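**Student:** One file: structure-v4.pdb (PDB, C-alpha atoms and all ligand atoms).
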```pdb
ATOM      1  CA  MET A 234       0.000   0.000   0.000
ATOM      2  CA  LYS A 235       1.419   3.387  -0.994
ATOM      3  CA  CYS A 236       1.071   6.008   1.752
ATOM      4  CA  LYS A 237       1.456   9.708   1.031
ATOM      5  CA  LYS A 238       2.394  11.857   4.026
ATOM      6  CA  THR A 239      -0.972  13.620   4.065
ATOM      7  CA  LYS A 240      -2.762  10.338   4.184
ATOM      8  CA  ILE A 241      -0.489   8.544   6.595
ATOM      9  CA  MET A 242      -3.160   8.279   9.333
ATOM     10  CA  VAL A 243      -5.684   6.897   6.878
ATOM     11  CA  CYS A 244      -3.118   4.349   5.749
ATOM     12  CA  LEU A 245      -2.242   3.376   9.299
ATOM     13  CA  LEU A 246      -5.887   2.925  10.152
ATOM     14  CA  THR A 247      -6.425   0.909   6.995
ATOM     15  CA  VAL A 248      -3.472  -1.356   7.784
ATOM     16  CA  PHE A 249      -4.854  -1.750  11.312
ATOM     17  CA  PHE A 250      -8.284  -2.790  10.109
ATOM     18  CA  VAL A 251      -6.903  -5.051   7.367
ATOM     19  CA  SER A 252      -4.742  -6.812   9.938
ATOM     20  CA  LEU A 253      -7.840  -7.236  12.082
ATOM     21  CA  GLN A 254      -9.692  -8.738   9.143
ATOM     22  CA  ILE A 255      -7.101 -11.420   8.449
ATOM     23  CA  GLN A 256      -7.180 -12.622  12.030
ATOM     24  CA  ALA A 257     -10.535 -14.277  11.589
ATOM     25  CA  ALA A 258     -11.731 -16.397  14.445
ATOM     26  CA  GLU A 259     -11.336 -20.144  14.057
ATOM     27  CA  THR A 260     -13.840 -22.313  15.877
ATOM     28  CA  LEU A 261     -12.976 -25.953  16.400
ATOM     29  CA  ILE A 262     -15.853 -28.120  15.209
ATOM     30  CA  GLY A 263     -14.162 -31.379  16.075
ATOM     31  CA  GLU A 264     -10.987 -33.389  16.285
ATOM     32  CA  TRP A 265     -10.727 -37.084  15.726
ATOM     33  CA  ASN A 266      -7.654 -39.087  16.778
ATOM     34  CA  MET A 267      -9.272 -42.385  15.733
ATOM     35  CA  ASP A 268      -8.286 -43.912  19.082
ATOM     36  CA  GLY A 269     -11.820 -44.265  20.549
ATOM     37  CA  ALA A 270     -13.651 -47.474  21.366
ATOM     38  CA  VAL A 271     -15.003 -49.473  18.425
ATOM     39  CA  VAL A 272     -18.648 -50.341  19.095
ATOM     40  CA  THR A 273     -21.848 -51.193  17.235
ATOM     41  CA  LYS A 274     -24.459 -48.444  17.297
ATOM     42  CA  THR A 275     -27.667 -47.320  15.657
ATOM     43  CA  VAL A 276     -26.703 -44.427  13.419
ATOM     44  CA  SER A 277     -28.490 -42.104  11.028
ATOM     45  CA  VAL A 278     -27.829 -42.830   7.345
ATOM     46  CA  LEU A 279     -29.311 -41.513   4.141
ATOM     47  CA  ASN A 280     -32.579 -43.103   3.082
ATOM     48  CA  SER A 281     -31.795 -42.429  -0.524
ATOM     49  CA  ASN A 282     -29.502 -43.263  -3.360
ATOM     50  CA  ASN A 283     -28.773 -39.569  -3.572
ATOM     51  CA  GLY A 284     -27.159 -37.464  -0.869
ATOM     52  CA  GLN A 285     -29.664 -34.675  -1.275
ATOM     53  CA  GLY A 286     -33.301 -34.482  -0.220
ATOM     54  CA  GLY A 287     -34.046 -38.093   0.653
ATOM     55  CA  GLY A 288     -34.022 -37.879   4.435
ATOM     56  CA  PHE A 289     -32.499 -40.304   6.910
ATOM     57  CA  ILE A 290     -33.216 -43.683   8.482
ATOM     58  CA  ASN A 291     -31.472 -45.620  11.243
ATOM     59  CA  GLU A 292     -29.091 -48.474  10.611
ATOM     60  CA  SER A 293     -26.798 -50.579  12.784
ATOM     61  CA  ARG A 294     -23.152 -49.807  12.075
ATOM     62  CA  THR A 295     -19.710 -50.204  13.560
ATOM     63  CA  VAL A 296     -18.188 -46.909  14.679
ATOM     64  CA  ILE A 297     -15.155 -45.411  16.371
ATOM     65  CA  GLU A 298     -16.685 -43.439  19.208
ATOM     66  CA  SER A 299     -15.914 -39.731  19.510
ATOM     67  CA  SER A 300     -17.481 -36.947  21.546
ATOM     68  CA  TYR A 301     -17.345 -34.803  18.385
ATOM     69  CA  GLY A 302     -19.336 -37.325  16.343
ATOM     70  CA  ASP A 303     -18.673 -41.008  15.785
ATOM     71  CA  VAL A 304     -16.617 -42.182  12.813
ATOM     72  CA  VAL A 305     -19.009 -44.568  11.061
ATOM     73  CA  PHE A 306     -17.683 -47.450   8.969
ATOM     74  CA  GLY A 307     -19.252 -47.716   5.519
ATOM     75  CA  GLY A 308     -20.759 -45.089   3.229
ATOM     76  CA  PRO A 309     -23.387 -42.595   4.392
ATOM     77  CA  ARG A 310     -26.279 -44.163   2.471
ATOM     78  CA  ALA A 311     -28.530 -46.952   3.704
ATOM     79  CA  ALA A 312     -26.984 -50.407   3.193
ATOM     80  CA  SER A 313     -23.679 -48.829   2.147
ATOM     81  CA  TYR A 314     -21.611 -51.241   4.139
ATOM     82  CA  TYR A 315     -20.231 -54.657   3.460
ATOM     83  CA  ALA A 316     -17.274 -56.537   4.696
ATOM     84  CA  ILE A 317     -14.798 -57.374   1.972
ATOM     85  CA  TYR A 318     -12.308 -54.676   2.935
ATOM     86  CA  PRO A 319     -14.334 -52.597   5.348
ATOM     87  CA  ALA A 320     -13.050 -49.446   6.944
ATOM     88  CA  SER A 321     -11.407 -50.335  10.228
ATOM     89  CA  GLN A 322      -9.483 -49.083  13.192
ATOM     90  CA  THR A 323      -5.875 -50.231  13.177
ATOM     91  CA  ALA A 324      -4.034 -51.848  16.026
ATOM     92  CA  GLY A 325      -2.012 -49.655  18.371
ATOM     93  CA  GLY A 326       1.282 -48.421  16.961
ATOM     94  CA  LEU A 327      -0.174 -47.708  13.518
ATOM     95  CA  GLY A 328      -1.260 -44.140  14.251
ATOM     96  CA  ALA A 329       0.539 -41.061  12.977
ATOM     97  CA  SER A 330       2.822 -40.784  16.014
ATOM     98  CA  GLY A 331       3.937 -44.412  15.811
ATOM     99  CA  GLU A 332       3.558 -44.660  19.581
ATOM    100  CA  ALA A 333       2.317 -47.914  21.037
ATOM    101  CA  GLY A 334      -1.224 -46.822  21.880
ATOM    102  CA  ASP A 335      -1.837 -44.684  18.807
ATOM    103  CA  LYS A 336      -4.368 -46.063  16.310
ATOM    104  CA  SER A 337      -5.694 -44.787  12.995
ATOM    105  CA  LEU A 338      -8.560 -45.283  10.553
ATOM    106  CA  LEU A 339      -7.837 -47.507   7.541
ATOM    107  CA  VAL A 340      -9.917 -47.154   4.375
ATOM    108  CA  ARG A 341      -9.023 -49.472   1.538
ATOM    109  CA  GLY A 342     -12.178 -50.403  -0.302
ATOM    110  CA  GLY A 343     -14.834 -48.933  -2.524
ATOM    111  CA  GLU A 344     -17.593 -46.504  -1.724
ATOM    112  CA  LYS A 345     -19.420 -48.904   0.539
ATOM    113  CA  GLU A 346     -16.243 -49.478   2.494
ATOM    114  CA  SER A 347     -15.459 -45.839   3.120
ATOM    115  CA  ALA A 348     -16.186 -44.093   6.426
ATOM    116  CA  PHE A 349     -17.992 -40.936   7.449
ATOM    117  CA  ILE A 350     -18.731 -38.518  10.259
ATOM    118  CA  GLY A 351     -22.317 -37.337   9.945
ATOM    119  CA  GLY A 352     -23.534 -33.775  10.057
ATOM    120  CA  VAL A 353     -20.421 -31.886  11.092
ATOM    121  CA  MET A 354     -20.272 -29.764   7.921
ATOM    122  CA  TYR A 355     -23.524 -28.053   8.908
ATOM    123  CA  GLU A 356     -21.401 -26.023  11.284
ATOM    124  CA  VAL A 357     -19.363 -24.614   8.387
ATOM    125  CA  GLU A 358     -21.026 -21.521   6.994
ATOM    126  CA  SER A 359     -18.306 -20.209   4.735
ATOM    127  CA  GLY A 360     -14.646 -20.273   5.692
ATOM    128  CA  PHE A 361     -13.269 -23.579   6.947
ATOM    129  CA  LYS A 362     -10.048 -25.371   7.690
ATOM    130  CA  ILE A 363      -9.396 -29.093   7.677
ATOM    131  CA  GLU A 364      -6.210 -30.871   8.578
ATOM    132  CA  LEU A 365      -5.254 -34.493   8.893
ATOM    133  CA  ASN A 366      -2.438 -36.999   8.759
ATOM    134  CA  PHE A 367      -2.530 -39.677   6.096
ATOM    135  CA  LYS A 368      -0.323 -42.554   5.039
ATOM    136  CA  LEU A 369      -0.793 -44.474   1.819
ATOM    137  CA  PHE A 370      -1.564 -48.125   2.334
ATOM    138  CA  GLU A 371       0.895 -50.807   1.363
ATOM    139  CA  PRO A 372       1.316 -53.561   0.457
ATOM    140  CA  ARG A 373      -1.003 -54.407  -2.396
ATOM    141  CA  GLU A 374      -3.875 -56.704  -1.716
ATOM    142  CA  PRO A 375      -5.787 -58.890  -4.147
ATOM    143  CA  ALA A 376      -8.182 -56.875  -6.250
ATOM    144  CA  ASN A 377     -11.428 -56.850  -4.323
ATOM    145  CA  VAL A 378     -13.739 -55.641  -7.061
ATOM    146  CA  GLY A 379     -11.854 -56.554 -10.184
ATOM    147  CA  VAL A 380      -9.521 -53.609 -10.428
ATOM    148  CA  THR A 381      -5.792 -53.527 -10.989
ATOM    149  CA  TYR A 382      -3.514 -51.500  -8.756
ATOM    150  CA  TYR A 383      -1.060 -49.059 -10.339
ATOM    151  CA  PRO A 384       1.766 -48.444  -9.664
ATOM    152  CA  ASN A 385       1.577 -48.937  -5.929
ATOM    153  CA  GLY A 386      -1.154 -50.451  -3.827
ATOM    154  CA  TRP A 387      -2.721 -47.089  -3.138
ATOM    155  CA  ILE A 388      -3.885 -46.284  -6.650
ATOM    156  CA  THR A 389      -6.581 -48.298  -8.330
ATOM    157  CA  VAL A 390      -6.687 -46.673 -11.764
ATOM    158  CA  PRO A 391      -3.887 -44.781 -13.595
ATOM    159  CA  ASN A 392      -4.456 -41.032 -13.647
ATOM    160  CA  SER A 393      -7.271 -41.436 -11.185
ATOM    161  CA  LYS A 394      -7.967 -39.016  -8.379
ATOM    162  CA  PRO A 395      -8.950 -41.043  -5.327
ATOM    163  CA  ILE A 396     -10.630 -38.935  -2.686
ATOM    164  CA  LEU A 397      -9.086 -38.660   0.763
ATOM    165  CA  VAL A 398     -11.929 -36.627   2.231
ATOM    166  CA  THR A 399     -15.038 -34.822   1.049
ATOM    167  CA  GLY A 400     -17.034 -32.228   2.956
ATOM    168  CA  GLY A 401     -20.772 -32.491   2.362
ATOM    169  CA  ILE A 402     -22.226 -32.791  -1.105
ATOM    170  CA  ASN A 403     -20.020 -30.925  -3.522
ATOM    171  CA  ARG A 404     -18.734 -28.440  -0.967
ATOM    172  CA  PHE A 405     -15.061 -29.418  -0.902
ATOM    173  CA  LYS A 406     -12.795 -32.420  -1.398
ATOM    174  CA  ILE A 407      -9.123 -33.309  -1.140
ATOM    175  CA  GLU A 408      -7.996 -35.881  -3.657
ATOM    176  CA  LEU A 409      -4.784 -37.702  -4.421
ATOM    177  CA  VAL A 410      -3.324 -37.221  -7.907
ATOM    178  CA  THR A 411      -0.601 -39.376  -9.452
ATOM    179  CA  ASP A 412       1.861 -38.225 -12.085
ATOM    180  CA  GLY A 413       0.241 -40.566 -14.587
ATOM    181  CA  GLU A 414       3.591 -42.035 -15.546
ATOM    182  CA  GLY A 415       3.878 -44.788 -13.015
ATOM    183  CA  SER A 416       6.808 -43.285 -11.167
ATOM    184  CA  GLY A 417       4.983 -43.574  -7.888
ATOM    185  CA  THR A 418       4.833 -39.896  -6.997
ATOM    186  CA  ALA A 419       1.703 -38.073  -5.991
ATOM    187  CA  LYS A 420       0.330 -34.643  -5.127
ATOM    188  CA  LEU A 421      -2.903 -33.385  -3.597
ATOM    189  CA  ASN A 422      -5.704 -31.438  -5.242
ATOM    190  CA  LEU A 423      -8.146 -29.325  -3.229
ATOM    191  CA  VAL A 424     -11.492 -28.653  -4.901
ATOM    192  CA  CYS A 425     -14.100 -26.212  -3.626
ATOM    193  CA  TRP A 426     -17.547 -25.640  -5.031
ATOM    194  CA  PRO A 427     -18.509 -21.981  -4.724
ATOM    195  CA  ALA A 428     -21.967 -20.558  -4.153
ATOM    196  CA  SER A 429     -22.080 -19.737  -7.849
ATOM    197  CA  GLY A 430     -19.945 -20.685 -10.817
ATOM    198  CA  SER A 431     -17.672 -23.630 -11.464
ATOM    199  CA  ALA A 432     -15.583 -25.601  -8.998
ATOM    200  CA  VAL A 433     -12.192 -24.103  -8.166
ATOM    201  CA  SER A 434      -9.155 -26.301  -7.577
ATOM    202  CA  LEU A 435      -5.694 -25.872  -6.140
ATOM    203  CA  GLU A 436      -2.832 -28.369  -6.256
ATOM    204  CA  THR A 437       0.299 -28.991  -4.229
ATOM    205  CA  ASP A 438       3.546 -30.056  -5.862
ATOM    206  CA  PHE A 439       4.462 -33.757  -6.070
ATOM    207  CA  ALA A 440       5.470 -33.891  -2.444
ATOM    208  CA  VAL A 441       3.358 -36.697  -1.003
ATOM    209  CA  ASN A 442       5.623 -39.029   0.912
ATOM    210  CA  VAL A 443       4.437 -42.365  -0.436
ATOM    211  CA  ASP A 444       6.158 -44.389   2.294
ATOM    212  CA  ASN A 445       5.404 -42.490   5.490
ATOM    213  CA  TRP A 446       2.871 -40.288   7.219
ATOM    214  CA  ASN A 447       1.944 -36.951   5.630
ATOM    215  CA  HIS A 448       0.162 -33.932   7.030
ATOM    216  CA  VAL A 449      -2.193 -31.791   4.981
ATOM    217  CA  ALA A 450      -3.967 -28.573   5.908
ATOM    218  CA  ALA A 451      -6.463 -27.002   3.534
ATOM    219  CA  TRP A 452      -8.603 -23.967   4.127
ATOM    220  CA  LEU A 453     -10.852 -21.330   2.628
ATOM    221  CA  GLU A 454     -10.521 -17.898   4.186
ATOM    222  CA  GLY A 455     -11.403 -14.496   2.829
ATOM    223  CA  GLY A 456     -12.507 -16.075  -0.442
ATOM    224  CA  ASN A 457      -9.018 -17.526  -0.988
ATOM    225  CA  LEU A 458      -8.105 -21.214  -1.070
ATOM    226  CA  TYR A 459      -4.992 -22.567   0.618
ATOM    227  CA  ILE A 460      -3.359 -25.982   0.847
ATOM    228  CA  GLN A 461      -0.163 -26.990   2.589
ATOM    229  CA  LEU A 462       1.437 -30.432   2.465
ATOM    230  CA  ASN A 463       3.966 -31.525   5.090
ATOM    231  CA  ASN A 464       4.646 -27.983   6.294
ATOM    232  CA  GLY A 465       5.993 -27.073   2.855
ATOM    233  CA  THR A 466       4.878 -24.349   0.478
ATOM    234  CA  VAL A 467       1.470 -22.848   1.185
ATOM    235  CA  PHE A 468      -0.220 -22.876  -2.212
ATOM    236  CA  SER A 469      -2.992 -20.332  -2.578
ATOM    237  CA  ASN A 470      -5.586 -19.311  -5.079
ATOM    238  CA  SER A 471      -7.219 -15.904  -4.766
ATOM    239  CA  ALA A 472     -10.414 -17.215  -6.248
ATOM    240  CA  GLY A 473     -12.691 -14.773  -4.424
ATOM    241  CA  ILE A 474     -15.274 -17.479  -3.770
ATOM    242  CA  SER A 475     -17.904 -18.228  -1.179
ATOM    243  CA  LEU A 476     -18.321 -21.860  -0.191
ATOM    244  CA  LYS A 477     -21.490 -23.447  -1.490
ATOM    245  CA  ALA A 478     -24.188 -23.497   1.182
ATOM    246  CA  SER A 479     -25.292 -26.744   2.799
ATOM    247  CA  PHE A 480     -28.588 -28.348   1.902
ATOM    248  CA  ASP A 481     -31.529 -28.818   4.278
ATOM    249  CA  PRO A 482     -30.070 -30.665   7.306
ATOM    250  CA  ALA A 483     -33.303 -32.621   7.861
ATOM    251  CA  LEU A 484     -33.134 -34.131   4.387
ATOM    252  CA  SER A 485     -29.584 -34.058   3.073
ATOM    253  CA  TYR A 486     -26.128 -35.291   3.881
ATOM    254  CA  ASN A 487     -23.491 -32.849   5.059
ATOM    255  CA  GLY A 488     -20.833 -34.865   6.823
ATOM    256  CA  LEU A 489     -17.210 -35.689   6.155
ATOM    257  CA  THR A 490     -16.604 -38.776   4.027
ATOM    258  CA  PHE A 491     -13.323 -40.655   3.735
ATOM    259  CA  GLY A 492     -12.979 -42.560   0.506
ATOM    260  CA  ALA A 493     -15.135 -42.788  -2.574
ATOM    261  CA  TRP A 494     -18.482 -41.062  -2.855
ATOM    262  CA  ASN A 495     -21.332 -41.191  -5.371
ATOM    263  CA  GLY A 496     -20.246 -44.445  -6.912
ATOM    264  CA  ALA A 497     -16.799 -43.243  -7.943
ATOM    265  CA  SER A 498     -14.741 -46.047  -9.394
ATOM    266  CA  VAL A 499     -11.565 -44.947  -7.690
ATOM    267  CA  TRP A 500     -10.756 -44.712  -4.040
ATOM    268  CA  PRO A 501      -7.790 -44.238  -1.791
ATOM    269  CA  ARG A 502      -6.178 -46.924   0.271
ATOM    270  CA  ALA A 503      -4.886 -45.003   3.198
ATOM    271  CA  TYR A 504      -4.510 -44.649   6.945
ATOM    272  CA  LEU A 505      -6.021 -41.448   8.334
ATOM    273  CA  ASP A 506      -5.397 -39.877  11.724
ATOM    274  CA  ASN A 507      -5.639 -36.639  13.710
ATOM    275  CA  LEU A 508      -8.389 -35.043  11.686
ATOM    276  CA  LYS A 509      -9.398 -31.528  12.724
ATOM    277  CA  LEU A 510     -12.202 -29.422  11.308
ATOM    278  CA  TYR A 511     -12.612 -25.704  11.987
ATOM    279  CA  SER A 512     -15.138 -23.123  10.935
ATOM    280  CA  ILE A 513     -13.560 -19.771  10.094
ATOM    281  CA  GLU A 514     -15.668 -16.693  10.681
ATOM    282  CA  PRO A 515     -16.487 -14.975   7.378
ATOM    283  CA  ILE A 516     -14.141 -12.077   6.655
ATOM    284  CA  CYS A 517     -13.576  -9.537   3.903
ATOM    285  CA  GLY A 518     -13.370 -11.421   0.623
ATOM    286  CA  ASP A 519     -15.782 -14.193   1.500
ATOM    287  CA  TRP A 520     -18.569 -12.204  -0.128
ATOM    288  CA  GLY A 521     -16.445 -11.147  -3.113
ATOM    289  CA  TYR A 522     -15.331  -7.634  -4.106
ATOM    290  CA  LEU A 523     -17.000  -4.740  -5.919
ATOM    291  CA  LYS A 524     -15.156  -3.689  -9.072
ATOM    292  CA  GLY A 525     -14.411  -0.233  -7.705
ATOM    293  CA  ASP A 526     -12.840  -1.651  -4.533
ATOM    294  CA  LEU A 527      -9.316  -1.222  -5.831
ATOM    295  CA  ASP A 528      -7.490  -2.070  -2.599
ATOM    296  CA  LYS A 529      -9.856  -4.952  -1.863
ATOM    297  CA  ASP A 530     -10.741  -3.863   1.658
ATOM    298  CA  CYS A 531     -14.459  -4.511   1.103
ATOM    299  CA  LYS A 532     -15.532  -0.892   1.009
ATOM    300  CA  ILE A 533     -15.376   1.834  -1.602
ATOM    301  CA  ASP A 534     -14.030   5.046  -0.144
ATOM    302  CA  PHE A 535     -11.534   7.864  -0.733
ATOM    303  CA  ILE A 536      -8.603   5.447  -0.719
ATOM    304  CA  ASP A 537     -10.032   3.776  -3.820
ATOM    305  CA  ILE A 538     -10.618   7.186  -5.407
ATOM    306  CA  ASP A 539      -7.024   8.176  -4.604
ATOM    307  CA  LEU A 540      -5.707   4.980  -6.215
ATOM    308  CA  PHE A 541      -7.905   5.679  -9.233
ATOM    309  CA  ILE A 542      -6.683   9.288  -9.552
ATOM    310  CA  GLN A 543      -3.033   8.275  -9.151
ATOM    311  CA  GLN A 544      -3.408   6.129 -12.266
ATOM    312  CA  TRP A 545      -5.548   8.566 -14.261
ATOM    313  CA  LEU A 546      -4.408   8.598 -17.933
ATOM    314  CA  SER A 547      -1.733   5.988 -17.236
ATOM    315  CA  CYS A 548      -1.668   3.121 -19.699
ATOM    316  CA  THR A 549      -0.477  -0.464 -20.065
ATOM    317  CA  GLU A 550      -0.816  -0.807 -23.821
ATOM    318  CA  PRO A 551       2.284  -2.725 -24.979
ATOM    319  CA  GLY A 552       4.705  -0.763 -27.136
ATOM    320  CA  VAL A 553       3.051   2.619 -26.645
ATOM    321  CA  THR A 554       5.347   5.409 -25.408
ATOM    322  CA  ASP A 555       5.148   6.029 -21.620
ATOM    323  CA  CYS A 556       2.907   3.016 -20.996
ATOM    324  CA  VAL A 557       4.017   0.730 -18.178
ATOM    325  CA  ASN A 558       4.090  -3.014 -17.626
ATOM    326  CA  VAL A 559       2.571  -3.572 -14.194
ATOM    327  CA  ASN A 560       3.532  -7.258 -14.279
ATOM    328  CA  GLN A 561       7.243  -6.428 -14.008
TER
HETATM  329 CA    CA A 601      -4.553 -41.854  16.478
HETATM  330 CA    CA A 602     -11.546  -0.138  -0.936
END
```
Rewrite the coordinates I just gave you, this time as structure tokens.
**Tutor:**
Amino acid sequence: MKCKKTKIMVCLLTVFFVSLQIQAAETLIGEWNMDGAVVTKTVSVLNSNNGQGGGFINESRTVIESSYGDVVFGGPRAASYYAIYPASQTAGGLGASGEAGDKSLLVRGGEKESAFIGGVMYEVESGFKIELNFKLFEPREPANVGVTYYPNGWITVPNSKPILVTGGINRFKIELVTDGEGSGTAKLNLVCWPASGSAVSLETDFAVNVDNWNHVAAWLEGGNLYIQLNNGTVFSNSAGISLKASFDPALSYNGLTFGAWNGASVWPRAYLDNLKLYSIEPICGDWGYLKGDLDKDCKIDFIDIDLFIQQWLSCTEPGVTDCVNVNQ
């Protein structure tokens, strides 16, 4: 921000308020260490072949208990559970810390063998943050539904994008992406569906550790998407989007799902642990920007007029005398 002497107080105040805006409050919705007791319970599942509008019925399922919402084995629809390679809780020592008592969730099957936590995405209005540890599952196992595994046990179809986690119905997902060349490297792709317009995606580099535990954090704040893998580069996309709203909670699914969803033919084979979900209070940017809001502070005032006047009759037309290249 350029500050002229006469406007120094305005600038200072603006910087103050902008810094307030980017310290949006995070509210923890839940954290799941996958170490709880495994029990059989009556749980609410979708009474529909579609996640939206069909309502819910009760079904007996195996769960990992959690005070933030049980982790339910199987998909979120009625009868979406069978036991070829069902989701499961590992033995102690197979959690992200490697310590003796630490357990994790293992998903290694198709849609019906995924896992979910019901309802928690209803608490996300706009901005959110999700983080978790994951480790790709080895070794290969016999094909359980007639698929071939490439190039490692954790990919079922070349160039596929198996889903690690989805939030609600088309609200967000984090998927695993291979290089498509069989070299065994992978990256992550974050997809968000905005309130209007097409889905927006954001990828990491090929930095998934295919042999050990990884950590991913992904969030939407101020209309911008972010993803960080293993405390490396924070990739961001200033998409200026609002997260798609949830559907009617009495009729539609809005939980977190681990594994395939909606009959996808690809799925991850992975251990998951230490999941955390936060809601981030909406801040400037979550509702988009007006065209005249040149400094993107979510209001049009004299600072925008000053920026406009400073550039009056300037030009960026290539090759024309006195025009400037603002990309340099
Ligand atoms: Ca654990
Ligand atoms: Ca402004």
**Student:** To check your reading of the model: which residues sit at most 8 Å from ligand CA 601 (chain A) when counting all atoms listed in the file? Write the answer as a list of chain:residue names.
**Tutor:**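 For ligand CA 601 (chain A), the residues inside 8 Å are A:Trp265, A:Asn266, A:Met267, A:Asp268, A:Leu327, A:Gly328, A:Ala329, A:Ser330, A:Asp335, A:Lys336, A:Ser337, A:Leu338, A:Asp506, A:Asn507.
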**Student:** Using all atoms listed in the file, pick whichever of A:Glu346, A:Asp519, A:Asp528, A:Glu436 has the shortest atom-to-atom distance to Glu358 (chain A).
**Tutor:**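 Selected residue with least distance to Glu358 (chain A): A:Asp519.
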**Student:** Using all atoms listed in the file, find the one residue out of A:Phe439, A:Phe535, A:Phe370, A:Phe289 that sits nearest to ligand CA 602 (chain A).
**Tutor:**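 Of the candidates, the smallest distance to ligand CA 602 (chain A) is held by A:Phe535.
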**Student:** So which residues get picked by the PyMOL selection byres (((not hetatm)) within 6 of (chain A and resi 602)) here, written as a list in words?
**Tutor:** Asp526, Leu527, Asp528, Lys529, Asp530, Cys531, Lys532, Ile533, Asp534 and Asp537 of chain A
**Student:** Residues at most 8 Å from Gly360 (chain A), counting only C-alpha atoms, excluding those fewer than 3 positions away in the same chain, as a PyMOL selection string?
**Tutor:** chain A and resi 357+452-456+475-476+512-515+519
**Student:** For CA of Gly351 (chain A) and CA of Ile262 (chain A), quote the distance in Å rounded to one decimal.
**Tutor:**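 Atom-to-atom, CA of Gly351 (chain A) and CA of Ile262 (chain A) are spaced 12.4 Å apart.
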**Student:** Taking only C-alpha atoms into account, which of A:Tyr486, A:Phe349, A:Tyr301, A:Tyr314 comes nearest Lys509 (chain A)?
**Tutor:**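 Looking only at the distances to Lys509 (chain A), the closest residue turns out to be A:Tyr301.
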